[in-house]
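Coordinates from protein.cif are shown below (mmCIF, C-alpha atoms).
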data_input
#
loop_
_atom_site.group_PDB
_atom_site.id
_atom_site.type_symbol
_atom_site.label_atom_id
_atom_site.label_comp_id
_atom_site.auth_asym_id
_atom_site.auth_seq_id
_atom_site.Cartn_x
_atom_site.Cartn_y
_atom_site.Cartn_z
ATOM 1 C CA MET A 21 74.043 73.873 -1.820
ATOM 2 C CA LYS A 22 73.025 72.330 1.337
ATOM 3 C CA GLU A 23 69.610 71.923 -0.069
ATOM 4 C CA GLU A 24 70.987 70.203 -3.147
ATOM 5 C CA GLN A 25 73.071 67.904 -1.035
ATOM 6 C CA ALA A 26 70.087 67.033 1.174
ATOM 7 C CA PHE A 27 68.017 66.362 -1.943
ATOM 8 C CA GLN A 28 70.677 63.985 -3.362
ATOM 9 C CA GLU A 29 70.965 62.137 -0.062
ATOM 10 C CA GLU A 30 67.227 61.787 0.110
ATOM 11 C CA THR A 31 67.099 60.500 -3.478
ATOM 12 C CA GLN A 32 69.833 57.997 -2.715
ATOM 13 C CA GLN A 33 67.908 56.777 0.330
ATOM 14 C CA ASN A 34 64.755 56.366 -1.749
ATOM 15 C CA VAL A 35 66.685 54.492 -4.420
ATOM 16 C CA SER A 36 68.371 52.277 -1.857
ATOM 17 C CA THR A 37 64.954 51.625 -0.159
ATOM 18 C CA GLU A 38 63.485 50.672 -3.544
ATOM 19 C CA GLU A 39 66.428 48.391 -4.292
ATOM 20 C CA ALA A 40 66.086 46.757 -0.904
ATOM 21 C CA ALA A 41 62.351 46.174 -1.480
ATOM 22 C CA GLU A 42 63.053 44.642 -4.908
ATOM 23 C CA THR A 43 65.700 42.387 -3.403
ATOM 24 C CA ILE A 44 63.308 41.232 -0.702
ATOM 25 C CA GLN A 45 60.609 40.558 -3.289
ATOM 26 C CA GLU A 46 63.031 38.533 -5.408
ATOM 27 C CA GLN A 47 63.984 36.493 -2.356
ATOM 28 C CA GLU A 48 60.362 35.922 -1.332
ATOM 29 C CA GLU A 49 59.119 34.837 -4.759
ATOM 30 C CA PRO A 50 61.223 31.706 -4.992
ATOM 31 C CA VAL A 51 60.201 30.809 -1.431
ATOM 32 C CA ASN A 52 56.524 31.261 -2.357
ATOM 33 C CA GLU A 53 56.884 29.049 -5.407
ATOM 34 C CA THR A 54 58.279 26.206 -3.324
ATOM 35 C CA ALA A 55 55.799 26.782 -0.444
ATOM 36 C CA ALA A 56 52.676 26.564 -2.633
ATOM 37 C CA PRO A 57 53.010 22.839 -3.551
ATOM 38 C CA GLU A 58 53.770 21.985 0.098
ATOM 39 C CA ALA A 59 50.689 23.914 1.222
ATOM 40 C CA GLN A 60 48.593 22.095 -1.360
ATOM 41 C CA GLU A 61 49.950 18.764 -0.163
ATOM 42 C CA GLU A 62 49.147 19.721 3.416
ATOM 43 C CA ASP A 63 45.632 20.779 2.399
ATOM 44 C CA THR A 64 45.003 17.472 0.621
ATOM 45 C CA GLU A 65 46.442 15.593 3.598
ATOM 46 C CA VAL A 66 44.163 17.524 5.979
ATOM 47 C CA ALA A 67 41.135 16.887 3.748
ATOM 48 C CA LYS A 68 42.028 13.205 3.569
ATOM 49 C CA LEU A 69 42.328 12.999 7.371
ATOM 50 C CA ARG A 70 39.031 14.846 7.825
ATOM 51 C CA ALA A 71 37.265 12.426 5.469
ATOM 52 C CA GLU A 72 38.801 9.488 7.332
ATOM 53 C CA ALA A 73 37.710 10.952 10.690
ATOM 54 C CA GLU A 74 34.173 11.450 9.319
ATOM 55 C CA GLU A 75 34.092 7.842 8.108
ATOM 56 C CA HIS A 76 35.228 6.608 11.540
ATOM 57 C CA GLN A 77 32.571 8.781 13.199
ATOM 58 C CA GLN A 78 29.859 7.266 10.967
ATOM 59 C CA ARG A 79 31.101 3.730 11.714
ATOM 60 C CA LEU A 80 31.017 4.486 15.432
ATOM 61 C CA LEU A 81 27.446 5.791 15.218
ATOM 62 C CA ARG A 82 26.343 2.708 13.260
ATOM 63 C CA ALA A 83 28.034 0.401 15.778
ATOM 64 C CA GLN A 84 26.299 2.193 18.647
ATOM 65 C CA ALA A 85 22.925 1.928 16.895
ATOM 66 C CA ASP A 86 23.494 -1.778 16.194
ATOM 67 C CA PHE A 87 24.383 -2.359 19.833
ATOM 68 C CA ASP A 88 21.276 -0.490 21.031
ATOM 69 C CA ASN A 89 19.094 -2.576 18.690
ATOM 70 C CA PHE A 90 20.775 -5.780 19.879
ATOM 71 C CA ARG A 91 20.255 -4.790 23.525
ATOM 72 C CA ARG A 92 16.552 -4.024 22.953
ATOM 73 C CA ARG A 93 15.999 -7.237 20.988
ATOM 74 C CA THR A 94 17.726 -9.355 23.656
ATOM 75 C CA LEU A 95 15.734 -7.703 26.416
ATOM 76 C CA LYS A 96 12.486 -8.381 24.522
ATOM 77 C CA GLU A 97 13.453 -12.028 23.941
ATOM 78 C CA LYS A 98 14.366 -12.386 27.608
ATOM 79 C CA GLU A 99 11.015 -10.961 28.714
ATOM 80 C CA GLU A 100 9.155 -13.265 26.326
ATOM 81 C CA LEU A 101 11.144 -16.267 27.532
ATOM 82 C CA ALA A 102 10.307 -15.435 31.146
ATOM 83 C CA LYS A 103 6.657 -14.879 30.219
ATOM 84 C CA TYR A 104 6.297 -18.270 28.533
ATOM 85 C CA ALA A 105 8.872 -20.277 30.529
ATOM 86 C CA SER A 106 6.193 -22.487 32.054
ATOM 87 C CA MET A 107 4.652 -23.360 28.687
ATOM 88 C CA LYS A 108 6.066 -26.909 28.489
ATOM 89 C CA LEU A 109 4.950 -27.798 32.014
ATOM 90 C CA VAL A 110 1.516 -26.305 31.542
ATOM 91 C CA THR A 111 1.086 -28.114 28.223
ATOM 92 C CA GLU A 112 1.664 -31.409 30.004
ATOM 93 C CA LEU A 113 -0.705 -30.471 32.849
ATOM 94 C CA VAL A 114 -3.677 -29.503 30.688
ATOM 95 C CA PRO A 115 -4.649 -33.150 29.936
ATOM 96 C CA VAL A 116 -4.630 -33.788 33.696
ATOM 97 C CA LEU A 117 -7.104 -30.947 34.046
ATOM 98 C CA ASP A 118 -9.289 -32.610 31.407
ATOM 99 C CA ASN A 119 -9.229 -35.900 33.310
ATOM 100 C CA PHE A 120 -10.225 -34.113 36.505
ATOM 101 C CA GLU A 121 -13.220 -32.622 34.720
ATOM 102 C CA ARG A 122 -14.219 -36.040 33.382
ATOM 103 C CA ALA A 123 -13.907 -37.585 36.832
ATOM 104 C CA LEU A 124 -16.055 -34.865 38.326
ATOM 105 C CA SER A 125 -18.734 -35.279 35.685
ATOM 106 C CA THR A 126 -18.983 -39.063 36.291
ATOM 107 C CA ALA A 127 -18.858 -38.696 40.091
ATOM 108 C CA GLN A 128 -21.881 -36.381 40.040
ATOM 109 C CA GLN A 129 -23.996 -39.153 38.540
ATOM 110 C CA GLY A 130 -23.520 -41.498 41.530
ATOM 111 C CA ALA A 131 -24.926 -40.153 44.827
ATOM 112 C CA GLU A 132 -23.103 -42.654 47.088
ATOM 113 C CA SER A 133 -19.621 -41.170 46.506
ATOM 114 C CA GLU A 134 -20.434 -37.630 47.576
ATOM 115 C CA SER A 135 -17.415 -37.208 49.872
ATOM 116 C CA PHE A 136 -15.116 -38.547 47.165
ATOM 117 C CA ALA A 137 -16.536 -36.080 44.678
ATOM 118 C CA LYS A 138 -16.071 -33.179 47.116
ATOM 119 C CA GLY A 139 -12.417 -34.139 47.654
ATOM 120 C CA VAL A 140 -11.746 -34.419 43.935
ATOM 121 C CA GLU A 141 -13.537 -31.124 43.343
ATOM 122 C CA MET A 142 -11.376 -29.389 45.959
ATOM 123 C CA ILE A 143 -8.231 -30.761 44.301
ATOM 124 C CA PHE A 144 -9.573 -29.676 40.918
ATOM 125 C CA ARG A 145 -10.239 -26.091 42.137
ATOM 126 C CA GLN A 146 -6.788 -25.873 43.701
ATOM 127 C CA PHE A 147 -5.166 -27.200 40.527
ATOM 128 C CA GLU A 148 -7.192 -24.769 38.429
ATOM 129 C CA SER A 149 -6.195 -21.791 40.621
ATOM 130 C CA VAL A 150 -2.490 -22.715 40.341
ATOM 131 C CA LEU A 151 -2.789 -22.823 36.546
ATOM 132 C CA GLN A 152 -4.649 -19.499 36.517
ATOM 133 C CA ALA A 153 -1.871 -17.970 38.603
ATOM 134 C CA GLU A 154 0.537 -19.045 35.850
ATOM 135 C CA GLY A 155 -1.662 -17.327 33.261
ATOM 136 C CA VAL A 156 -3.571 -20.337 31.910
ATOM 137 C CA THR A 157 -7.194 -19.592 31.033
ATOM 138 C CA ALA A 158 -9.828 -21.728 29.344
ATOM 139 C CA MET A 159 -11.229 -20.496 26.038
ATOM 140 C CA ASN A 160 -14.902 -19.765 25.728
ATOM 141 C CA ALA A 161 -15.642 -21.205 22.285
ATOM 142 C CA VAL A 162 -19.380 -22.006 22.143
ATOM 143 C CA GLY A 163 -21.347 -19.336 20.307
ATOM 144 C CA GLN A 164 -18.210 -17.659 18.937
ATOM 145 C CA PRO A 165 -17.355 -17.400 15.216
ATOM 146 C CA PHE A 166 -14.949 -20.130 14.113
ATOM 147 C CA ASN A 167 -11.341 -18.897 14.195
ATOM 148 C CA PRO A 168 -8.634 -21.344 13.028
ATOM 149 C CA GLU A 169 -6.116 -19.635 15.308
ATOM 150 C CA PHE A 170 -8.137 -20.615 18.395
ATOM 151 C CA HIS A 171 -10.299 -23.527 17.251
ATOM 152 C CA GLN A 172 -9.754 -26.891 15.651
ATOM 153 C CA ALA A 173 -12.852 -27.977 13.740
ATOM 154 C CA ILE A 174 -13.433 -31.697 13.967
ATOM 155 C CA MET A 175 -16.931 -31.750 12.549
ATOM 156 C CA GLN A 176 -19.519 -29.614 10.780
ATOM 157 C CA VAL A 177 -23.126 -29.913 11.876
ATOM 158 C CA GLU A 178 -26.343 -28.454 10.553
ATOM 159 C CA SER A 179 -27.873 -25.964 12.933
ATOM 160 C CA GLU A 180 -30.990 -23.875 12.621
ATOM 161 C CA GLU A 181 -30.151 -21.896 15.766
ATOM 162 C CA HIS A 182 -26.768 -20.603 14.584
ATOM 163 C CA GLU A 183 -25.488 -18.956 11.420
ATOM 164 C CA GLU A 184 -22.852 -20.639 9.287
ATOM 165 C CA GLY A 185 -19.335 -20.678 10.793
ATOM 166 C CA ILE A 186 -20.387 -20.443 14.467
ATOM 167 C CA VAL A 187 -19.035 -22.885 17.076
ATOM 168 C CA VAL A 188 -21.972 -25.020 18.180
ATOM 169 C CA GLU A 189 -20.323 -27.453 20.585
ATOM 170 C CA GLU A 190 -16.978 -27.757 22.335
ATOM 171 C CA VAL A 191 -15.656 -31.328 22.315
ATOM 172 C CA GLN A 192 -12.387 -30.505 24.125
ATOM 173 C CA LYS A 193 -11.564 -27.222 25.859
ATOM 174 C CA GLY A 194 -8.921 -24.952 24.472
ATOM 175 C CA TYR A 195 -6.488 -23.083 26.694
ATOM 176 C CA MET A 196 -4.541 -19.854 26.461
ATOM 177 C CA LEU A 197 -1.252 -19.104 28.215
ATOM 178 C CA LYS A 198 -1.429 -15.346 28.738
ATOM 179 C CA ASP A 199 -2.010 -14.149 25.145
ATOM 180 C CA LYS A 200 -0.750 -17.253 23.342
ATOM 181 C CA VAL A 201 -2.750 -20.332 22.311
ATOM 182 C CA LEU A 202 -1.608 -23.269 24.424
ATOM 183 C CA ARG A 203 -4.049 -25.740 22.916
ATOM 184 C CA PRO A 204 -6.812 -24.950 20.392
ATOM 185 C CA ALA A 205 -10.344 -25.967 21.311
ATOM 186 C CA MET A 206 -11.744 -28.969 19.436
ATOM 187 C CA VAL A 207 -15.156 -27.821 18.233
ATOM 188 C CA LYS A 208 -18.132 -28.616 16.077
ATOM 189 C CA VAL A 209 -19.008 -25.824 13.652
ATOM 190 C CA SER A 210 -22.369 -24.985 12.117
ATOM 191 C CA MET A 211 -22.751 -25.071 8.384
#
I'd like the structure from this file rewritten - as structure tokens, please.
Amino acid sequence: MKEEQAFQEETQQNVSTEEAAETIQEQEEPVNETAAPEAQEEDTEVAKLRAEAEEHQQRLLRAQADFDNFRRRTLKEKEELAKYASMKLVTELVPVLDNFERALSTAQQGAESESFAKGVEMIFRQFESVLQAEGVTAMNAVGQPFNPEFHQAIMQVESEEHEEGIVVEEVQKGYMLKDKVLRPAMVKVSM
């Protein structure tokens, strides 16, 4: 009898445990049904925020790249400006250099003004050295092939010594400021 009674109690406990589990499941199911849409909304919200964060990250990277490019470009322009800052002054001084050369060439013809010629020559050399310190150099045009970037052809002459398109004579010197043409050389070109 005791065994029967123990068996019945055990069966009742199993039944009551099963009923309790079913009750818990019934209570959880409605909660799960309402939680699923909220979870989906949260997932879409999180995905939306991630996409927005990614977009902001890309915009930041582009802005940084643009700023770096701007900084490099400004630095390059600044260096070029400093390199060619004296261009206007030098352009105005080059004709003075030409006049010095003309004066020296005429002074050499008269022997009586030797001291004058030496003084002018000293001034000319000093002037020339100052311009060279600024980066001004005279072009060597005679014997070179004609290049419209460096030469200005004022005349074509027939020449048996030179091939066609070679600078035969330099009428006016051309000058370079560092690597830029300050004034093209006026030349006569063979044809």
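One finds CA of Arg122 (chain A) at 18.0 Å from CA of Thr157 (chain A).
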Can you tell me, as AutoDock Vina command-line options, the centre and edge lengths (Å, one decimal) of the axis-aligned box enclosing all of region 105-124 of chain A's listed atoms after padding each side by 8 Å?
--center_x -3.6 --center_y -28.9 --center_z 33.3 --size_x 40.9 --size_y 33.3 --size_z 26.1
Notebook entry, point to check: With only C-alpha atoms as the atoms that count, which of A:Glu189, A:Glu183, A:Glu134, A:Glu74 lies nearest to Ala161 (chain A)?
Noted result: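 Checking each of A:Glu189, A:Glu183, A:Glu134, A:Glu74 against Ala161 (chain A), counting only C-alpha atoms, the winner is A:Glu189.
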Next item on the list: Could you jot down the CA of Leu113 (chain A) to CA of Val209 (chain A) separation for me, Å, one decimal place?
Entry: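 Result for CA of Leu113 (chain A) versus CA of Val209 (chain A): 26.9 Å, one decimal.
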Check: In terms of the shortest atom-to-atom distance over only C-alpha atoms, which of A:Ser106, A:Gln192, A:Gln78, A:Asn167 is closest to Gly155 (chain A)?
Finding: A:Ser106
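Remark: for Glu184 (chain A), the closest of the candidate residues A:Glu58, A:Pro165, A:Ser135, A:Asp86 is A:Pro165 (distances computed over all atoms listed in the file).
Nearest residue to Met196 (chain A) among A:Arg145, A:Arg93, A:His171, A:Lys98 is A:His171, counting all atoms listed in the file.
Here, the PyMOL selection byres ((chain A and resi 177) around 8) matches Met175, Gln176, Glu178, Ser179, Lys208, Val209, Ser210 and Met211 of chain A.
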Notebook entry, point to check: Quick one: of A:Val116, A:Val110, A:Leu124, A:Met206, who's nearest to Lys193 (chain A), counting only C-alpha atoms?
Noted result: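 Closest residue, counting only C-alpha atoms: A:Met206.
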The PyMOL selection byres ((chain A and resi 204) around 12) applied to the shown file, residues as a PDB file with C-alpha atoms, in the frame of the given file:
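As written to disk, result.pdb reads:
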ATOM      1  CA  THR A 111       1.086 -28.114  28.223  1.00  0.00           C
ATOM      2  CA  VAL A 114      -3.677 -29.503  30.688  1.00  0.00           C
ATOM      3  CA  THR A 157      -7.194 -19.592  31.033  1.00  0.00           C
ATOM      4  CA  ALA A 158      -9.828 -21.728  29.344  1.00  0.00           C
ATOM      5  CA  MET A 159     -11.229 -20.496  26.038  1.00  0.00           C
ATOM      6  CA  ASN A 160     -14.902 -19.765  25.728  1.00  0.00           C
ATOM      7  CA  ALA A 161     -15.642 -21.205  22.285  1.00  0.00           C
ATOM      8  CA  PHE A 166     -14.949 -20.130  14.113  1.00  0.00           C
ATOM      9  CA  ASN A 167     -11.341 -18.897  14.195  1.00  0.00           C
ATOM     10  CA  PRO A 168      -8.634 -21.344  13.028  1.00  0.00           C
ATOM     11  CA  GLU A 169      -6.116 -19.635  15.308  1.00  0.00           C
ATOM     12  CA  PHE A 170      -8.137 -20.615  18.395  1.00  0.00           C
ATOM     13  CA  HIS A 171     -10.299 -23.527  17.251  1.00  0.00           C
ATOM     14  CA  GLN A 172      -9.754 -26.891  15.651  1.00  0.00           C
ATOM     15  CA  ALA A 173     -12.852 -27.977  13.740  1.00  0.00           C
ATOM     16  CA  ILE A 174     -13.433 -31.697  13.967  1.00  0.00           C
ATOM     17  CA  GLU A 190     -16.978 -27.757  22.335  1.00  0.00           C
ATOM     18  CA  VAL A 191     -15.656 -31.328  22.315  1.00  0.00           C
ATOM     19  CA  GLN A 192     -12.387 -30.505  24.125  1.00  0.00           C
ATOM     20  CA  LYS A 193     -11.564 -27.222  25.859  1.00  0.00           C
ATOM     21  CA  GLY A 194      -8.921 -24.952  24.472  1.00  0.00           C
ATOM     22  CA  TYR A 195      -6.488 -23.083  26.694  1.00  0.00           C
ATOM     23  CA  MET A 196      -4.541 -19.854  26.461  1.00  0.00           C
ATOM     24  CA  LEU A 197      -1.252 -19.104  28.215  1.00  0.00           C
ATOM     25  CA  LYS A 200      -0.750 -17.253  23.342  1.00  0.00           C
ATOM     26  CA  VAL A 201      -2.750 -20.332  22.311  1.00  0.00           C
ATOM     27  CA  LEU A 202      -1.608 -23.269  24.424  1.00  0.00           C
ATOM     28  CA  ARG A 203      -4.049 -25.740  22.916  1.00  0.00           C
ATOM     29  CA  ALA A 205     -10.344 -25.967  21.311  1.00  0.00           C
ATOM     30  CA  MET A 206     -11.744 -28.969  19.436  1.00  0.00           C
ATOM     31  CA  VAL A 207     -15.156 -27.821  18.233  1.00  0.00           C
TER      32      VAL A 207
END
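Compared by their closest atoms to Glu154 (chain A), and using only C-alpha atoms, the residues A:Met107, A:Val187, A:Leu117, A:Leu95 rank with A:Met107 nearest.
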Note to self: Please report the interatomic distance between CA of Lys103 (chain A) and CA of Glu148 (chain A) in Å with one decimal.
What the structure shows: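 If I compute the distance from CA of Lys103 (chain A) to CA of Glu148 (chain A), I get 18.9 Å.
Shell of Ile143 (chain A) at 12 Å, with all atoms listed in the file counted and residues fewer than 6 places along the chain excluded, is Val116, Leu117, Phe120, Glu121, Ala123, Leu124, Phe136, Ala137, Ser149 and Val150 of chain A.
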